[in-house]
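Here is upload.pdb, consisting of PDB, C-alpha atoms:
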```pdb
ATOM      1  CA  MET A 136      74.689 -34.555 -85.721
ATOM      2  CA  LYS A 137      74.266 -31.977 -82.958
ATOM      3  CA  HIS A 138      71.094 -30.988 -81.157
ATOM      4  CA  PHE A 139      70.244 -27.318 -81.418
ATOM      5  CA  ARG A 140      70.451 -26.945 -77.642
ATOM      6  CA  ASP A 141      74.089 -28.104 -77.750
ATOM      7  CA  LEU A 142      75.234 -25.397 -80.185
ATOM      8  CA  SER A 143      77.361 -22.529 -78.920
ATOM      9  CA  GLU A 144      76.345 -18.952 -79.765
ATOM     10  CA  GLN A 145      79.214 -18.865 -82.255
ATOM     11  CA  GLU A 146      77.844 -21.956 -84.006
ATOM     12  CA  VAL A 147      74.287 -20.592 -83.962
ATOM     13  CA  LEU A 148      75.367 -17.424 -85.766
ATOM     14  CA  ALA A 149      77.455 -19.410 -88.272
ATOM     15  CA  LEU A 150      74.469 -21.678 -88.917
ATOM     16  CA  ALA A 151      72.242 -18.639 -89.446
ATOM     17  CA  VAL A 152      74.694 -17.260 -92.019
ATOM     18  CA  ALA A 153      74.758 -20.579 -93.908
ATOM     19  CA  ASN A 154      70.974 -20.842 -93.708
ATOM     20  CA  GLU A 155      70.403 -17.397 -95.220
ATOM     21  CA  GLU A 156      72.892 -18.044 -98.025
ATOM     22  CA  GLU A 157      71.285 -21.348 -99.002
ATOM     23  CA  ASP A 158      67.742 -19.995 -98.831
ATOM     24  CA  SER A 159      68.731 -17.044-101.010
ATOM     25  CA  ARG A 160      70.055 -19.406-103.679
ATOM     26  CA  ILE A 161      66.883 -21.517-103.485
ATOM     27  CA  TYR A 162      64.690 -18.435-103.998
ATOM     28  CA  LEU A 163      66.759 -17.386-107.011
ATOM     29  CA  ASN A 164      66.270 -20.838-108.508
ATOM     30  CA  PHE A 165      62.533 -20.609-107.855
ATOM     31  CA  ALA A 166      62.475 -17.239-109.602
ATOM     32  CA  ALA A 167      64.328 -18.604-112.644
ATOM     33  CA  LYS A 168      61.940 -21.546-112.974
ATOM     34  CA  LEU A 169      58.778 -19.466-112.475
ATOM     35  CA  ARG A 170      59.738 -16.458-114.607
ATOM     36  CA  PRO A 171      58.374 -17.706-117.990
ATOM     37  CA  ASN A 172      54.851 -18.416-116.649
ATOM     38  CA  PHE A 173      54.619 -16.431-113.401
ATOM     39  CA  PRO A 174      56.728 -13.294-113.806
ATOM     40  CA  GLN A 175      55.152 -11.448-110.858
ATOM     41  CA  SER A 176      55.734 -14.352-108.479
ATOM     42  CA  ALA A 177      59.283 -14.684-109.824
ATOM     43  CA  LYS A 178      59.883 -11.033-108.970
ATOM     44  CA  VAL A 179      58.672 -11.653-105.397
ATOM     45  CA  PHE A 180      61.184 -14.494-105.016
ATOM     46  CA  GLU A 181      63.984 -12.329-106.429
ATOM     47  CA  GLU A 182      63.187  -9.685-103.816
ATOM     48  CA  MET A 183      63.082 -12.338-101.080
ATOM     49  CA  ALA A 184      66.474 -13.672-102.224
ATOM     50  CA  GLU A 185      67.942 -10.162-102.119
ATOM     51  CA  GLU A 186      66.535  -9.637 -98.629
ATOM     52  CA  GLU A 187      67.997 -12.956 -97.455
ATOM     53  CA  GLN A 188      71.415 -11.763 -98.634
ATOM     54  CA  GLY A 189      70.898  -8.609 -96.600
ATOM     55  CA  HIS A 190      70.164 -10.779 -93.557
ATOM     56  CA  ARG A 191      73.328 -12.752 -94.254
ATOM     57  CA  HIS A 192      75.445  -9.585 -94.295
ATOM     58  CA  ALA A 193      73.876  -8.372 -91.041
ATOM     59  CA  LEU A 194      74.562 -11.717 -89.398
ATOM     60  CA  LEU A 195      78.156 -11.708 -90.668
ATOM     61  CA  GLU A 196      78.733  -8.244 -89.258
ATOM     62  CA  ASP A 197      77.377  -9.323 -85.891
ATOM     63  CA  TYR A 198      79.546 -12.435 -85.984
ATOM     64  CA  ARG A 199      82.689 -10.410 -86.757
ATOM     65  CA  ARG A 200      81.865  -8.018 -83.913
ATOM     66  CA  ARG A 201      81.756 -10.863 -81.417
ATOM     67  CA  PHE A 202      83.988 -13.648 -82.733
ATOM     68  CA  GLY A 203      86.268 -12.283 -85.472
ATOM     69  CA  ASP A 204      86.658 -13.356 -89.086
ATOM     70  CA  GLU A 205      87.043 -17.113 -88.692
ATOM     71  CA  LEU A 206      83.627 -18.641 -89.418
ATOM     72  CA  PRO A 207      83.160 -22.304 -88.414
ATOM     73  CA  TYR A 208      81.722 -24.541 -91.105
ATOM     74  CA  ILE A 209      78.274 -25.742 -90.067
ATOM     75  CA  THR A 210      75.167 -26.346 -92.168
ATOM     76  CA  ARG A 211      71.569 -27.298 -91.435
ATOM     77  CA  GLN A 212      72.439 -30.911 -92.306
ATOM     78  CA  ASP A 213      74.726 -30.946 -89.247
ATOM     79  CA  VAL A 214      71.922 -30.103 -86.800
ATOM     80  CA  LYS A 215      69.287 -32.595 -85.760
ATOM     81  CA  GLY A 216      65.802 -31.353 -86.495
ATOM     82  CA  PHE A 217      66.371 -29.072 -89.477
ATOM     83  CA  LEU A 218      64.020 -29.953 -92.311
ATOM     84  CA  LYS A 219      65.613 -31.234 -95.494
ATOM     85  CA  ARG A 220      64.744 -29.096 -98.490
ATOM     86  CA  ASN A 221      62.907 -30.862-101.303
ATOM     87  CA  PRO A 222      64.932 -30.109-104.479
ATOM     88  CA  LEU A 223      61.961 -28.592-106.306
ATOM     89  CA  TRP A 224      64.235 -26.208-108.188
ATOM     90  CA  LEU A 225      65.548 -29.182-110.186
ATOM     91  CA  LEU A 226      62.133 -29.892-111.735
ATOM     92  CA  ASP A 227      61.460 -28.597-115.235
ATOM     93  CA  ASN A 228      57.717 -28.078-114.811
ATOM     94  CA  LEU A 229      57.530 -26.337-111.462
ATOM     95  CA  ARG A 230      54.029 -25.822-110.036
ATOM     96  CA  LEU A 231      53.357 -22.521-108.301
ATOM     97  CA  ASP A 232      51.423 -24.190-105.466
ATOM     98  CA  ALA A 233      54.366 -26.528-104.805
ATOM     99  CA  VAL A 234      56.753 -23.564-104.620
ATOM    100  CA  ARG A 235      54.362 -21.697-102.340
ATOM    101  CA  ARG A 236      54.143 -24.612 -99.911
ATOM    102  CA  GLN A 237      57.914 -25.056 -99.872
ATOM    103  CA  ALA A 238      58.472 -21.338 -99.255
ATOM    104  CA  GLU A 239      55.945 -21.343 -96.406
ATOM    105  CA  ILE A 240      57.761 -24.219 -94.705
ATOM    106  CA  MET A 241      61.164 -22.589 -95.210
ATOM    107  CA  GLU A 242      60.066 -19.290 -93.691
ATOM    108  CA  MET A 243      58.162 -20.902 -90.832
ATOM    109  CA  GLU A 244      61.240 -22.927 -89.942
ATOM    110  CA  ALA A 245      63.515 -19.877 -90.222
ATOM    111  CA  ALA A 246      61.212 -17.809 -87.993
ATOM    112  CA  ALA A 247      61.160 -20.544 -85.338
ATOM    113  CA  PHE A 248      64.948 -20.916 -85.543
ATOM    114  CA  TYR A 249      65.592 -17.204 -85.052
ATOM    115  CA  ALA A 250      63.055 -16.899 -82.238
ATOM    116  CA  LYS A 251      64.624 -19.784 -80.309
ATOM    117  CA  SER A 252      68.131 -18.477 -81.051
ATOM    118  CA  ALA A 253      67.197 -15.026 -79.720
ATOM    119  CA  GLU A 254      65.964 -16.565 -76.468
ATOM    120  CA  ARG A 255      69.346 -18.222 -75.945
ATOM    121  CA  SER A 256      71.553 -15.277 -76.817
ATOM    122  CA  ARG A 257      73.271 -13.430 -73.958
ATOM    123  CA  ASP A 258      74.402 -10.537 -76.135
ATOM    124  CA  VAL A 259      71.894  -7.695 -76.375
ATOM    125  CA  GLY A 260      72.824  -6.792 -79.959
ATOM    126  CA  THR A 261      72.634 -10.378 -81.177
ATOM    127  CA  ARG A 262      69.357 -10.984 -79.362
ATOM    128  CA  LYS A 263      67.782  -7.927 -81.022
ATOM    129  CA  LEU A 264      69.064  -8.913 -84.479
ATOM    130  CA  LEU A 265      67.753 -12.470 -84.201
ATOM    131  CA  ALA A 266      64.369 -11.339 -82.844
ATOM    132  CA  ASP A 267      64.034  -8.845 -85.723
ATOM    133  CA  LEU A 268      64.869 -11.586 -88.228
ATOM    134  CA  ALA A 269      62.227 -13.858 -86.676
ATOM    135  CA  GLU A 270      59.585 -11.178 -87.262
ATOM    136  CA  ILE A 271      60.758 -10.594 -90.828
ATOM    137  CA  GLU A 272      60.620 -14.317 -91.645
ATOM    138  CA  LYS A 273      57.063 -14.490 -90.296
ATOM    139  CA  LYS A 274      56.087 -11.779 -92.778
ATOM    140  CA  HIS A 275      57.767 -13.781 -95.537
ATOM    141  CA  GLU A 276      55.695 -16.807 -94.514
ATOM    142  CA  SER A 277      52.515 -14.781 -94.959
ATOM    143  CA  LEU A 278      53.768 -13.455 -98.284
ATOM    144  CA  ALA A 279      54.609 -16.935 -99.552
ATOM    145  CA  ALA A 280      51.076 -18.088 -98.726
ATOM    146  CA  LYS A 281      49.627 -15.327-100.891
ATOM    147  CA  LEU A 282      51.901 -15.556-103.930
ATOM    148  CA  GLY A 283      50.051 -15.022-107.142
ATOM    149  CA  GLU A 284      47.402 -12.733-105.667
ATOM    150  CA  THR A 285      47.187  -9.213-106.994
ATOM    151  CA  THR A 286      46.571  -7.665-103.578
ATOM    152  CA  LEU A 287      48.529  -8.574-100.463
ATOM    153  CA  THR A 288      46.236  -7.331 -97.697
ATOM    154  CA  PRO A 289      47.207  -8.489 -94.194
ATOM    155  CA  ASP A 290      44.478 -10.246 -92.251
ATOM    156  CA  ILE A 291      45.525 -11.530 -88.827
ATOM    157  CA  LYS A 292      42.810 -14.183 -88.525
ATOM    158  CA  ALA A 293      43.488 -15.506 -92.018
ATOM    159  CA  GLU A 294      47.223 -15.635 -91.324
ATOM    160  CA  GLU A 295      46.659 -17.524 -88.079
ATOM    161  CA  ASP A 296      44.389 -20.011 -89.851
ATOM    162  CA  ALA A 297      46.935 -20.474 -92.629
ATOM    163  CA  THR A 298      49.701 -21.091 -90.082
ATOM    164  CA  ALA A 299      47.529 -23.626 -88.271
ATOM    165  CA  ARG A 300      46.917 -25.467 -91.542
ATOM    166  CA  ARG A 301      50.633 -25.538 -92.328
ATOM    167  CA  LEU A 302      51.427 -26.870 -88.851
ATOM    168  CA  PHE A 303      48.770 -29.544 -89.311
ATOM    169  CA  LEU A 304      50.378 -30.486 -92.613
ATOM    170  CA  LEU A 305      53.824 -30.740 -91.015
ATOM    171  CA  GLN A 306      52.805 -32.450 -87.791
ATOM    172  CA  VAL A 307      50.046 -34.804 -88.945
ATOM    173  CA  VAL A 308      49.567 -35.090 -92.700
ATOM    174  CA  GLN A 309      53.176 -35.558 -93.815
ATOM    175  CA  PRO A 310      54.166 -38.277 -91.291
ATOM    176  CA  GLY A 311      50.818 -39.987 -91.890
ATOM    177  CA  LEU A 312      51.327 -40.022 -95.658
ATOM    178  CA  ALA A 313      54.896 -41.274 -95.325
ATOM    179  CA  GLY A 314      53.680 -44.134 -93.143
ATOM    180  CA  LEU A 315      50.770 -45.017 -95.410
ATOM    181  CA  ILE A 316      53.006 -45.159 -98.468
ATOM    182  CA  ASP A 317      55.676 -47.248 -96.771
ATOM    183  CA  GLY A 318      53.189 -49.662 -95.216
ATOM    184  CA  SER A 319      51.311 -50.207 -98.456
ATOM    185  CA  VAL A 320      54.426 -51.035-100.481
ATOM    186  CA  SER A 321      56.842 -52.663 -98.035
ATOM    187  CA  THR A 322      54.398 -55.345 -96.882
ATOM    188  CA  LEU A 323      53.478 -56.558-100.381
ATOM    189  CA  ALA A 324      56.358 -59.030-100.732
ATOM    190  CA  PRO A 325      56.006 -60.880 -97.386
ATOM    191  CA  ILE A 326      52.198 -61.073 -97.602
ATOM    192  CA  PHE A 327      52.024 -62.436-101.135
ATOM    193  CA  ALA A 328      55.037 -64.686-100.596
ATOM    194  CA  ALA A 329      53.209 -66.247 -97.656
ATOM    195  CA  ALA A 330      50.006 -66.491 -99.693
ATOM    196  CA  PHE A 331      51.539 -68.403-102.583
ATOM    197  CA  ALA A 332      53.757 -70.499-100.324
ATOM    198  CA  THR A 333      50.910 -71.736 -98.130
ATOM    199  CA  HIS A 334      47.723 -71.255-100.178
ATOM    200  CA  ASN A 335      46.116 -70.763 -96.785
ATOM    201  CA  SER A 336      44.132 -67.600 -96.064
ATOM    202  CA  TRP A 337      44.516 -67.695 -92.275
ATOM    203  CA  ASP A 338      48.286 -68.272 -92.341
ATOM    204  CA  THR A 339      48.631 -65.434 -94.844
ATOM    205  CA  PHE A 340      46.530 -63.171 -92.630
ATOM    206  CA  LEU A 341      48.806 -63.860 -89.658
ATOM    207  CA  VAL A 342      51.930 -63.096 -91.711
ATOM    208  CA  GLY A 343      50.341 -59.889 -93.028
ATOM    209  CA  LEU A 344      49.295 -58.835 -89.537
ATOM    210  CA  ALA A 345      52.818 -59.380 -88.204
ATOM    211  CA  ALA A 346      54.425 -57.585 -91.184
ATOM    212  CA  SER A 347      52.047 -54.607 -90.876
ATOM    213  CA  ILE A 348      52.500 -54.157 -87.129
ATOM    214  CA  GLY A 349      56.266 -54.689 -87.378
ATOM    215  CA  ALA A 350      56.562 -52.116 -90.165
ATOM    216  CA  GLY A 351      54.440 -49.718 -88.116
ATOM    217  CA  ILE A 352      56.731 -50.021 -85.100
ATOM    218  CA  SER A 353      59.833 -49.551 -87.270
ATOM    219  CA  MET A 354      58.523 -46.514 -89.149
ATOM    220  CA  GLY A 355      57.121 -44.975 -85.969
ATOM    221  CA  LEU A 356      60.471 -45.140 -84.216
ATOM    222  CA  THR A 357      62.288 -43.829 -87.307
ATOM    223  CA  GLU A 358      59.990 -40.798 -87.575
ATOM    224  CA  ALA A 359      60.115 -40.089 -83.837
ATOM    225  CA  LEU A 360      63.913 -40.143 -83.781
ATOM    226  CA  SER A 361      64.412 -38.184 -87.024
ATOM    227  CA  ASP A 362      63.420 -34.758 -85.689
ATOM    228  CA  ASP A 363      62.914 -33.628 -82.099
ATOM    229  CA  GLY A 364      60.761 -30.710 -83.274
ATOM    230  CA  GLU A 365      62.858 -28.232 -81.304
ATOM    231  CA  ILE A 366      63.521 -25.977 -84.279
ATOM    232  CA  THR A 367      60.993 -26.938 -86.926
ATOM    233  CA  ASP A 368      57.764 -26.779 -84.870
ATOM    234  CA  ARG A 369      56.788 -30.147 -86.334
ATOM    235  CA  GLY A 370      55.274 -31.139 -82.997
ATOM    236  CA  HIS A 371      56.203 -33.709 -80.379
ATOM    237  CA  PRO A 372      58.375 -36.432 -81.971
ATOM    238  CA  TRP A 373      56.459 -39.280 -80.367
ATOM    239  CA  LEU A 374      53.141 -37.908 -81.590
ATOM    240  CA  ARG A 375      54.486 -37.767 -85.143
ATOM    241  CA  GLY A 376      56.013 -41.208 -84.691
ATOM    242  CA  GLY A 377      52.701 -42.586 -83.446
ATOM    243  CA  ILE A 378      50.830 -41.145 -86.431
ATOM    244  CA  CYS A 379      53.435 -42.454 -88.875
ATOM    245  CA  GLY A 380      53.504 -45.900 -87.252
ATOM    246  CA  LEU A 381      49.718 -46.175 -87.154
ATOM    247  CA  MET A 382      49.340 -45.235 -90.821
ATOM    248  CA  THR A 383      52.124 -47.646 -91.788
ATOM    249  CA  ALA A 384      50.223 -50.467 -90.123
ATOM    250  CA  VAL A 385      46.982 -49.336 -91.813
ATOM    251  CA  GLY A 386      48.737 -49.368 -95.205
ATOM    252  CA  GLY A 387      49.768 -52.994 -94.707
ATOM    253  CA  LEU A 388      46.427 -54.102 -93.269
ATOM    254  CA  GLY A 389      44.624 -52.855 -96.370
ATOM    255  CA  HIS A 390      45.690 -55.906 -98.389
ATOM    256  CA  THR A 391      45.958 -58.188 -95.342
ATOM    257  CA  LEU A 392      42.309 -58.066 -94.260
ATOM    258  CA  PRO A 393      40.990 -59.789 -97.436
ATOM    259  CA  TYR A 394      42.703 -62.947 -96.208
ATOM    260  CA  LEU A 395      40.043 -63.219 -93.524
ATOM    261  CA  ILE A 396      37.993 -64.611 -96.440
ATOM    262  CA  PRO A 397      38.318 -68.421 -96.103
ATOM    263  CA  ASP A 398      38.531 -69.134 -99.845
ATOM    264  CA  PHE A 399      42.155 -68.542-100.861
ATOM    265  CA  TRP A 400      41.634 -67.409-104.464
ATOM    266  CA  THR A 401      38.726 -65.112-103.599
ATOM    267  CA  ALA A 402      40.877 -63.537-100.882
ATOM    268  CA  THR A 403      43.884 -63.195-103.210
ATOM    269  CA  ILE A 404      41.903 -61.604-106.040
ATOM    270  CA  THR A 405      40.304 -59.177-103.588
ATOM    271  CA  ALA A 406      43.723 -58.313-102.134
ATOM    272  CA  GLY A 407      45.098 -57.758-105.657
ATOM    273  CA  VAL A 408      42.310 -55.311-106.491
ATOM    274  CA  ILE A 409      42.976 -53.432-103.244
ATOM    275  CA  VAL A 410      46.703 -53.297-104.052
ATOM    276  CA  ALA A 411      45.963 -51.720-107.452
ATOM    277  CA  ILE A 412      43.756 -49.086-105.807
ATOM    278  CA  GLU A 413      46.419 -48.419-103.149
ATOM    279  CA  LEU A 414      49.227 -47.950-105.669
ATOM    280  CA  PHE A 415      47.312 -45.464-107.808
ATOM    281  CA  ALA A 416      46.121 -43.635-104.679
ATOM    282  CA  ILE A 417      49.720 -43.372-103.445
ATOM    283  CA  ALA A 418      50.864 -42.014-106.808
ATOM    284  CA  TRP A 419      48.164 -39.342-106.588
ATOM    285  CA  ILE A 420      49.143 -38.499-102.993
ATOM    286  CA  ARG A 421      52.816 -38.120-103.957
ATOM    287  CA  TRP A 422      51.803 -35.780-106.771
ATOM    288  CA  LYS A 423      49.364 -33.770-104.655
ATOM    289  CA  TYR A 424      51.246 -33.427-101.368
ATOM    290  CA  MET A 425      54.884 -34.390-101.970
ATOM    291  CA  GLU A 426      55.543 -32.327-105.108
ATOM    292  CA  THR A 427      56.365 -35.358-107.307
ATOM    293  CA  PRO A 428      55.445 -35.024-111.017
ATOM    294  CA  PHE A 429      52.477 -37.325-111.662
ATOM    295  CA  THR A 430      54.158 -39.332-114.420
ATOM    296  CA  LEU A 431      57.218 -39.899-112.250
ATOM    297  CA  ALA A 432      54.990 -40.828-109.291
ATOM    298  CA  ILE A 433      53.174 -43.420-111.428
ATOM    299  CA  VAL A 434      56.464 -44.936-112.586
ATOM    300  CA  GLN A 435      58.018 -44.941-109.109
ATOM    301  CA  VAL A 436      55.033 -46.189-107.123
ATOM    302  CA  VAL A 437      53.064 -48.371-109.519
ATOM    303  CA  LEU A 438      56.056 -49.946-111.236
ATOM    304  CA  GLY A 439      57.951 -50.279-107.947
ATOM    305  CA  GLY A 440      54.909 -51.713-106.185
ATOM    306  CA  LEU A 441      54.286 -54.236-108.955
ATOM    307  CA  LEU A 442      57.916 -55.349-108.823
ATOM    308  CA  VAL A 443      57.648 -55.855-105.050
ATOM    309  CA  LEU A 444      54.370 -57.747-105.536
ATOM    310  CA  LEU A 445      55.787 -59.988-108.247
ATOM    311  CA  THR A 446      58.870 -60.644-106.118
ATOM    312  CA  GLY A 447      56.658 -61.907-103.304
ATOM    313  CA  ILE A 448      54.622 -64.092-105.661
ATOM    314  CA  PHE A 449      57.759 -65.513-107.306
ATOM    315  CA  ILE A 450      59.443 -66.352-104.007
ATOM    316  CA  GLY A 451      56.280 -67.801-102.544
ATOM    317  CA  SER A 452      55.666 -69.989-105.607
ATOM    318  CA  SER A 453      59.214 -71.346-105.805
TER     319      SER A 453
END
```

Whole structure, structure tokens version:
Amino acid sequence: MKHFRDLSEQEVLALAVANEEEDSRIYLNFAAKLRPNFPQSAKVFEEMAEEEQGHRHALLEDYRRRFGDELPYITRQDVKGFLKRNPLWLLDNLRLDAVRRQAEIMEMEAAAFYAKSAERSRDVGTRKLLADLAEIEKKHESLAAKLGETTLTPDIKAEEDATARRLFLLQVVQPGLAGLIDGSVSTLAPIFAAAFATHNSWDTFLVGLAASIGAGISMGLTEALSDDGEITDRGHPWLRGGICGLMTAVGGLGHTLPYLIPDFWTATITAGVIVAIELFAIAWIRWKYMETPFTLAIVQVVLGGLLVLLTGIFIGSS
């Protein structure tokens, strides 16, 4: 994968063309899914898709003017830092709030991409085109935040507050949730394996402490290295990594701390109750913030967590 700063102007324009084409198709899929229950919102997405195609044509014309007809193949997946799109359009029961959040993120990312691309461009025509597109995408971001309302009245303070909330979601909430979920589930097997292998609360606590801190370090580094924040405005990578790592450790410590109780069975029963609360809380979080249908979240998290738990108990008892 390439860093954005390493792309040539030719590659930046080709990436912009691919980006507009993919976003247009995503908006059309949103419109098709929303049309039966939210016809007005579906119409907004159809108009946004049509406008994205217009942007694509303008970008293609500018590319031909400067570089000819041969367009290099490059997509957002080839550039480090581009957010991966959640495939919401594949869901049968698509929630309007989930679509709104996804559209806000898409437009915020596109606006940041065009603004940074305009700063790098040495061609006056290309710089103007990219700067104009950045402003248009910012308006789309505001529109996406207000989908479903009958009146779209611009309010600068409200828009700034909404943008701040979205940045907080991207830079703090999402990495924190990812860490909490991973830490809560991934540490179940080693902690309960140690518990049933030793029947000793203190030894189990030490294993849980090591597993939680180790998982936190691993997840923190993974998050920090996954996106440098150069395009997506997701914040400093090490800040996100620190948040993700800290919450991963917290997720594991939740069912580790009961083993400070000297009596083994009291500690284990307490830890089991905490695990049940954690798994249902995670399922709710995935439904609320990560656009996962609640039934699917229950199956994935609760069933998966129980399997991990039982694996640890089985190995520790053998």

Task: Nearby residues (all atoms listed in the file) at most 10 Å from Phe202 (chain A), same-chain spacing under 6 positions excluded, as JSON, numbers by chain - done: {"A": [144, 145, 148, 196]}

Open item on the list: Rounded to one decimal, what separation in Å do you get between CA of Ile433 (chain A) and CA of Ile417 (chain A)?
Closed with: 8.7 Å

Open item on the list: Suppose a student applies the PyMOL selection byres ((chain A and resi 315) around 9) to this structure; what residues should they get, written as a list of chain:residue names?
Closed with: A:Pro310, A:Gly311, A:Leu312, A:Ala313, A:Gly314, A:Ile316, A:Asp317, A:Gly318, A:Ser319, A:Val320, A:Cys379, A:Gly380, A:Leu381, A:Met382, A:Thr383, A:Ala384, A:Val385, A:Gly386, A:Gly387, A:Ile417

Residues of the last selection are to be written out with C-alpha atoms, as a PDB file, keeping the file's coordinate frame.
```
ATOM      1  CA  PRO A 310      54.166 -38.277 -91.291  1.00  0.00           C
ATOM      2  CA  GLY A 311      50.818 -39.987 -91.890  1.00  0.00           C
ATOM      3  CA  LEU A 312      51.327 -40.022 -95.658  1.00  0.00           C
ATOM      4  CA  ALA A 313      54.896 -41.274 -95.325  1.00  0.00           C
ATOM      5  CA  GLY A 314      53.680 -44.134 -93.143  1.00  0.00           C
ATOM      6  CA  ILE A 316      53.006 -45.159 -98.468  1.00  0.00           C
ATOM      7  CA  ASP A 317      55.676 -47.248 -96.771  1.00  0.00           C
ATOM      8  CA  GLY A 318      53.189 -49.662 -95.216  1.00  0.00           C
ATOM      9  CA  SER A 319      51.311 -50.207 -98.456  1.00  0.00           C
ATOM     10  CA  VAL A 320      54.426 -51.035-100.481  1.00  0.00           C
ATOM     11  CA  CYS A 379      53.435 -42.454 -88.875  1.00  0.00           C
ATOM     12  CA  GLY A 380      53.504 -45.900 -87.252  1.00  0.00           C
ATOM     13  CA  LEU A 381      49.718 -46.175 -87.154  1.00  0.00           C
ATOM     14  CA  MET A 382      49.340 -45.235 -90.821  1.00  0.00           C
ATOM     15  CA  THR A 383      52.124 -47.646 -91.788  1.00  0.00           C
ATOM     16  CA  ALA A 384      50.223 -50.467 -90.123  1.00  0.00           C
ATOM     17  CA  VAL A 385      46.982 -49.336 -91.813  1.00  0.00           C
ATOM     18  CA  GLY A 386      48.737 -49.368 -95.205  1.00  0.00           C
ATOM     19  CA  GLY A 387      49.768 -52.994 -94.707  1.00  0.00           C
ATOM     20  CA  ILE A 417      49.720 -43.372-103.445  1.00  0.00           C
TER      21      ILE A 417
END
```

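Residues with any atom within 12 Å of Trp337 (chain A), counting all atoms listed in the file and excluding same-chain neighbours fewer than 5 positions away, are Ile326, Ala329, Ala330, Val342, Gly343, Leu344, Thr391, Leu392, Pro393, Tyr394, Leu395, Ile396, Pro397, Asp398, Phe399, Ala402 and Thr403 of chain A.
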
TODO: Mind giving me the straight-line distance from CA of Gly447 (chain A) to CA of Phe327 (chain A) in Å, one decimal?
DONE: 5.1 Å

Open item on the list: Assuming the chain letters and numbering stay as they are in my file, what does the PyMOL selection byres ((chain A and resi 162) around 7) actually select? List them as a PyMOL selection string.
Closed with: chain A and resi 158-161+163-166+180-181+183-184

Open item on the list: Could you tell me, as a list in words, exactly which residues end up selected when the PyMOL selection byres ((chain A and resi 193) around 12) is applied to this structure?
Closed with: Leu148, Ala149, Ala151, Val152, Glu155, Glu156, Glu186, Glu187, Gln188, Gly189, His190, Arg191, His192, Leu194, Leu195, Glu196, Asp197, Tyr198, Arg199, Arg200, Gly260, Thr261, Lys263, Leu264, Leu265, Asp267 and Leu268 of chain A

I need the chosen residues saved as a CSV table (one decimal), in the frame of the given file, with C-alpha atoms.
```csv
chain,number,residue,atom,x,y,z
A,148,LEU,CA,75.4,-17.4,-85.8
A,149,ALA,CA,77.5,-19.4,-88.3
A,151,ALA,CA,72.2,-18.6,-89.4
A,152,VAL,CA,74.7,-17.3,-92.0
A,155,GLU,CA,70.4,-17.4,-95.2
A,156,GLU,CA,72.9,-18.0,-98.0
A,186,GLU,CA,66.5,-9.6,-98.6
A,187,GLU,CA,68.0,-13.0,-97.5
A,188,GLN,CA,71.4,-11.8,-98.6
A,189,GLY,CA,70.9,-8.6,-96.6
A,190,HIS,CA,70.2,-10.8,-93.6
A,191,ARG,CA,73.3,-12.8,-94.3
A,192,HIS,CA,75.4,-9.6,-94.3
A,194,LEU,CA,74.6,-11.7,-89.4
A,195,LEU,CA,78.2,-11.7,-90.7
A,196,GLU,CA,78.7,-8.2,-89.3
A,197,ASP,CA,77.4,-9.3,-85.9
A,198,TYR,CA,79.5,-12.4,-86.0
A,199,ARG,CA,82.7,-10.4,-86.8
A,200,ARG,CA,81.9,-8.0,-83.9
A,260,GLY,CA,72.8,-6.8,-80.0
A,261,THR,CA,72.6,-10.4,-81.2
A,263,LYS,CA,67.8,-7.9,-81.0
A,264,LEU,CA,69.1,-8.9,-84.5
A,265,LEU,CA,67.8,-12.5,-84.2
A,267,ASP,CA,64.0,-8.8,-85.7
A,268,LEU,CA,64.9,-11.6,-88.2
```

TODO: Write out as a list in words which residues come within 8 Å of Glu146 (chain A) when counting all atoms listed in the file, dropping same-chain ones fewer than 4 positions away.
DONE: Leu142, Leu150, Pro207 and Ile209 of chain A

Open item on the list: To one decimal place in Å, what is the distance between CA of Phe139 (chain A) and CA of Val234 (chain A)?
Closed with: 27.1 Å
